[in-house]
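S.K.: Handing you this structure, nothing more for now.
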Amino acid sequence: MSYSGAGLGKPGSGKRRIRDLLTQSDNRVCADCGAPDPKWASANIGVFICLKCCGVHRSLGTHISKVLSVTLDEWSDEEVDSMIEIGGNASANSIYEAFIPEGSSKPGPDASHDQRMRFIRSKYEHQEFLKPSLRITSGKTSSTKSSAYLSSSLSKKIVDSFRSNSSSQQPQLEGMVEFIGLLKVTIKKGTNLAIRDMMSSDPYVVLTLGQQAQSTVVKSNLNPVWNEELMLSVPHNYGSVKLQVFDYDTFSADDIMGEAEIDIQPLITSAMAFGDPEMFGDMQIGKWLKSHDNALIEDSIINIADGKVKQEVQIKLQNVESGDLELELEWLPLDQ
C-alpha cells in the first residue's frame, strides 16, 4: 500500500500522520526498552523509541538507524511513507525480534547504557534476532560503506515486503499474521516479597510471552508499588504469560524472588466472544477460576469497564517462601 503524496502537500501534514501513528497502543512505549511515551523514531527501521535508546541509535550511525524527532524534525515523504507502511513497533518487532534466544531479554526502561547498546546492536546492526530468510550476510562488513549497504538493503527488503502482495515475496509476514492483539499488563504492587539482600530486596518483574517486557526496579522494598504498564504482543498460538520477580544486584547475577504463570485464554476468549466492548455497558463477561494447579489467590474476574476488557489478577508467587503480586490485564485487539 502506497501513501505517497497523500495529504503531504500541506505543511506539517507528514508530522500529523506520524503523530497519528504514534497514538497506536503498541507505539506508546519504546520499541527497544518499553519506556512510555516515546518521542523519537528511527525512520528507516520504522520504530518509535525513547530518548535513552535514541542515543544508542544515533551512535550506530545513520547508515543503520536514521533518528528523527516526532515533533521537532522535518520528515520527508519517503520517511513518513516508510513508517506508515511498516506500521510501527509491533509490526517491526515481529521481524527484528522474531528469534530472541532463550536466556536473552530486552532491556527495561531503567537499563544501563551498556545493556541498551548490547541489545540494540544485536537487534539492528548484527541482525541476530531476525528470521533467517531476512538475514543479509557478507564476508566483508567491517567498512562503513559495507555496513551502510547491508543496513539499507535490509531496510529496503523489509519495506518492500510490506508493499508486496505476493506471499512468496514476504516470508516475514508469516510471523506478523500470527499476532492477534496486544496485552497490556499493569504491574500494580507486590506484598510481602522475599528477602534476597541483607534486610530487603530490590525487586523488578519480567513478563515473557515469546518476547519479554521488564518493569523498573524498586529499591529496598518488600512491598513495592509499581503501577507500571508493560505491553506484550500476543501470537495466534499463544500460551501462558510467564511472570518472574527478581532482586536486582549490581555486582552479581540477579536472584529469583518467585514466579507464576498467567493463563490469558479466559481473557481473550471472553473479549472475542463479545466483540467491540464499546457497544456494551460495564458488566462481567468471564472468570479465571482459582484451582490447585494455578497461582491465583482468588477467582479472577473479567469485566468490560469504560469500553475496555480488563481483568484483575492476584497471584501467589510460586517456588519462593513468600510474596503476592497484584496485576491488571487489558486486551487490545489489533484493529484498535
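Identifiers in the C-alpha cells: chain A, B, ... in order shown; residue index from 1 per chain; ligand index from 1 in order shown.
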Which residues are close to Gln311 in chain A, i.e. within 12 Å by only C-alpha atoms, leaving aside same-chain residues fewer than 5 positions away? Reply as a PyMOL selection string.
M.R.: chain A and resi 183-186+262-268+270-271+283-288+299-305+326-331
S.K.: Just write the chosen residues, N, CA, C and O atoms, as a short mmCIF file (atom, residue, chain, number, x, y, z; two decimals), in the first residue's frame.
M.R.:
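Saved result, part_31.cif, follows:
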data_model
loop_
_atom_site.label_atom_id
_atom_site.label_comp_id
_atom_site.auth_asym_id
_atom_site.auth_seq_id
_atom_site.Cartn_x
_atom_site.Cartn_y
_atom_site.Cartn_z
N LEU A 183 -1.47 -7.34 24.71
CA LEU A 183 -1.85 -7.49 26.11
C LEU A 183 -1.16 -6.39 26.92
O LEU A 183 0.07 -6.34 26.97
N LYS A 184 -1.97 -5.52 27.50
CA LYS A 184 -1.42 -4.50 28.40
C LYS A 184 -1.49 -5.04 29.83
O LYS A 184 -2.57 -5.37 30.33
N VAL A 185 -0.34 -5.17 30.46
CA VAL A 185 -0.27 -5.67 31.83
C VAL A 185 0.17 -4.53 32.74
O VAL A 185 1.27 -4.00 32.58
N THR A 186 -0.68 -4.15 33.65
CA THR A 186 -0.31 -3.15 34.65
C THR A 186 0.17 -3.87 35.91
O THR A 186 -0.60 -4.57 36.56
N ILE A 262 0.44 -16.98 34.02
CA ILE A 262 -0.86 -16.31 33.90
C ILE A 262 -1.55 -16.85 32.66
O ILE A 262 -1.07 -16.66 31.53
N ASP A 263 -2.67 -17.51 32.86
CA ASP A 263 -3.46 -18.05 31.74
C ASP A 263 -4.28 -16.91 31.14
O ASP A 263 -5.19 -16.38 31.80
N ILE A 264 -3.96 -16.52 29.92
CA ILE A 264 -4.68 -15.40 29.29
C ILE A 264 -5.82 -15.86 28.38
O ILE A 264 -6.52 -15.04 27.80
N GLN A 265 -6.03 -17.18 28.29
CA GLN A 265 -7.11 -17.66 27.42
C GLN A 265 -8.49 -17.19 27.87
O GLN A 265 -9.30 -16.78 27.03
N PRO A 266 -8.82 -17.22 29.18
CA PRO A 266 -10.14 -16.73 29.57
C PRO A 266 -10.38 -15.28 29.16
O PRO A 266 -11.48 -14.93 28.70
N LEU A 267 -9.36 -14.43 29.30
CA LEU A 267 -9.50 -13.02 28.91
C LEU A 267 -9.75 -12.88 27.43
O LEU A 267 -10.68 -12.19 26.99
N ILE A 268 -8.92 -13.55 26.61
CA ILE A 268 -9.02 -13.39 25.16
C ILE A 268 -10.31 -14.02 24.63
O ILE A 268 -11.00 -13.44 23.78
N SER A 270 -13.15 -14.45 26.23
CA SER A 270 -14.28 -13.60 26.63
C SER A 270 -14.36 -12.34 25.76
O SER A 270 -15.44 -11.94 25.32
N ALA A 271 -13.19 -11.72 25.52
CA ALA A 271 -13.16 -10.50 24.72
C ALA A 271 -13.65 -10.75 23.30
O ALA A 271 -14.44 -9.96 22.75
N MET A 283 -19.92 -4.51 32.67
CA MET A 283 -20.50 -5.81 33.00
C MET A 283 -19.41 -6.86 33.13
O MET A 283 -18.31 -6.70 32.60
N GLN A 284 -19.71 -7.94 33.87
CA GLN A 284 -18.80 -9.07 33.97
C GLN A 284 -19.03 -9.99 32.78
O GLN A 284 -20.18 -10.32 32.45
N ILE A 285 -17.94 -10.41 32.12
CA ILE A 285 -18.09 -11.25 30.93
C ILE A 285 -17.33 -12.57 31.04
O ILE A 285 -17.42 -13.42 30.15
N GLY A 286 -16.55 -12.76 32.10
CA GLY A 286 -15.81 -14.01 32.22
C GLY A 286 -15.13 -14.13 33.56
O GLY A 286 -15.19 -13.23 34.41
N LYS A 287 -14.46 -15.28 33.75
CA LYS A 287 -13.80 -15.53 35.02
C LYS A 287 -12.71 -16.58 34.83
O LYS A 287 -12.88 -17.57 34.12
N TRP A 288 -11.54 -16.35 35.46
CA TRP A 288 -10.48 -17.36 35.56
C TRP A 288 -10.54 -17.89 36.98
O TRP A 288 -10.30 -17.16 37.94
N ASP A 299 -10.59 -16.12 42.68
CA ASP A 299 -11.08 -16.10 41.30
C ASP A 299 -10.81 -14.73 40.68
O ASP A 299 -10.97 -13.69 41.33
N SER A 300 -10.41 -14.76 39.42
CA SER A 300 -10.05 -13.53 38.71
C SER A 300 -11.17 -13.16 37.74
O SER A 300 -11.47 -13.91 36.80
N ILE A 301 -11.79 -12.01 37.97
CA ILE A 301 -12.98 -11.60 37.21
C ILE A 301 -12.57 -10.80 35.97
O ILE A 301 -11.66 -9.95 36.03
N ILE A 302 -13.26 -11.06 34.86
CA ILE A 302 -13.04 -10.34 33.60
C ILE A 302 -14.25 -9.43 33.36
O ILE A 302 -15.39 -9.92 33.34
N ASN A 303 -13.99 -8.16 33.19
CA ASN A 303 -15.06 -7.18 33.06
C ASN A 303 -14.91 -6.33 31.81
O ASN A 303 -13.79 -6.14 31.31
N ILE A 304 -16.02 -5.83 31.32
CA ILE A 304 -16.00 -4.67 30.43
C ILE A 304 -16.20 -3.45 31.31
O ILE A 304 -17.18 -3.36 32.06
N ALA A 305 -15.25 -2.52 31.27
CA ALA A 305 -15.31 -1.31 32.07
C ALA A 305 -14.88 -0.13 31.21
O ALA A 305 -13.79 -0.15 30.64
N GLU A 326 -0.11 -8.13 42.55
CA GLU A 326 -1.40 -7.68 42.05
C GLU A 326 -1.21 -7.05 40.68
O GLU A 326 -0.39 -6.15 40.50
N LEU A 327 -2.01 -7.53 39.70
CA LEU A 327 -1.88 -7.10 38.31
C LEU A 327 -3.24 -6.72 37.75
O LEU A 327 -4.29 -7.11 38.28
N GLU A 328 -3.21 -5.99 36.65
CA GLU A 328 -4.41 -5.77 35.84
C GLU A 328 -4.06 -6.07 34.39
O GLU A 328 -3.06 -5.57 33.88
N LEU A 329 -4.87 -6.89 33.73
CA LEU A 329 -4.69 -7.20 32.32
C LEU A 329 -5.73 -6.45 31.50
O LEU A 329 -6.87 -6.28 31.93
N GLU A 330 -5.32 -6.01 30.32
CA GLU A 330 -6.26 -5.39 29.38
C GLU A 330 -5.99 -5.92 27.99
O GLU A 330 -4.84 -5.96 27.54
N TRP A 331 -7.05 -6.35 27.32
CA TRP A 331 -6.93 -6.91 25.97
C TRP A 331 -7.11 -5.81 24.92
O TRP A 331 -8.09 -5.06 24.96
#
S.K.: Considering only C-alpha atoms, return as a ChimeraX atom specification whatever protein or nucleic-acid residues lie within 12 Å of Glu102 in chain A, sequence-local ones (same chain, fewer than 5 positions apart) excluded.
M.R.: /A:129,208-212
S.K.: Neighbours of Pro333 in chain A within 7 Å (only C-alpha atoms; same-chain residues fewer than 6 positions away dropped), as a PyMOL selection string?
M.R.: chain A and resi 180-182
S.K.: Print the selection's residues with N, CA and C atoms to a file, as a tab-separated table (two decimals), in the first residue's frame.
M.R.:
chain	number	residue	atom	x	y	z
A	180	ILE	N	-2.44	-11.61	17.12
A	180	ILE	CA	-3.88	-11.34	17.14
A	180	ILE	C	-4.23	-10.14	17.98
A	181	GLY	N	-3.30	-9.62	18.75
A	181	GLY	CA	-3.60	-8.47	19.57
A	181	GLY	C	-2.47	-8.16	20.52
A	182	LEU	N	-2.73	-7.22	21.41
A	182	LEU	CA	-1.75	-6.80	22.41
A	182	LEU	C	-2.33	-6.98	23.80
S.K.: Assign secondary structure with DSSP using the backbone only, and return the residues of range 18-97 of chain A in helix (DSSP H, G or I) as JSON, numbers by chain.
M.R.: {"A": [18, 19, 20, 21, 22, 25, 26, 27, 28, 51, 52, 53, 54, 55, 56, 57, 58, 59, 60, 77, 78, 79, 80, 81, 82, 83, 84, 85, 86, 89, 90, 91, 92, 93, 94, 95, 96]}
S.K.: Could you work out how far CA of Arg121 in chain A lies from CA of Phe48 in chain A, giving the answer in Å with one decimal?
M.R.: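 A separation of 16.3 Å between them.
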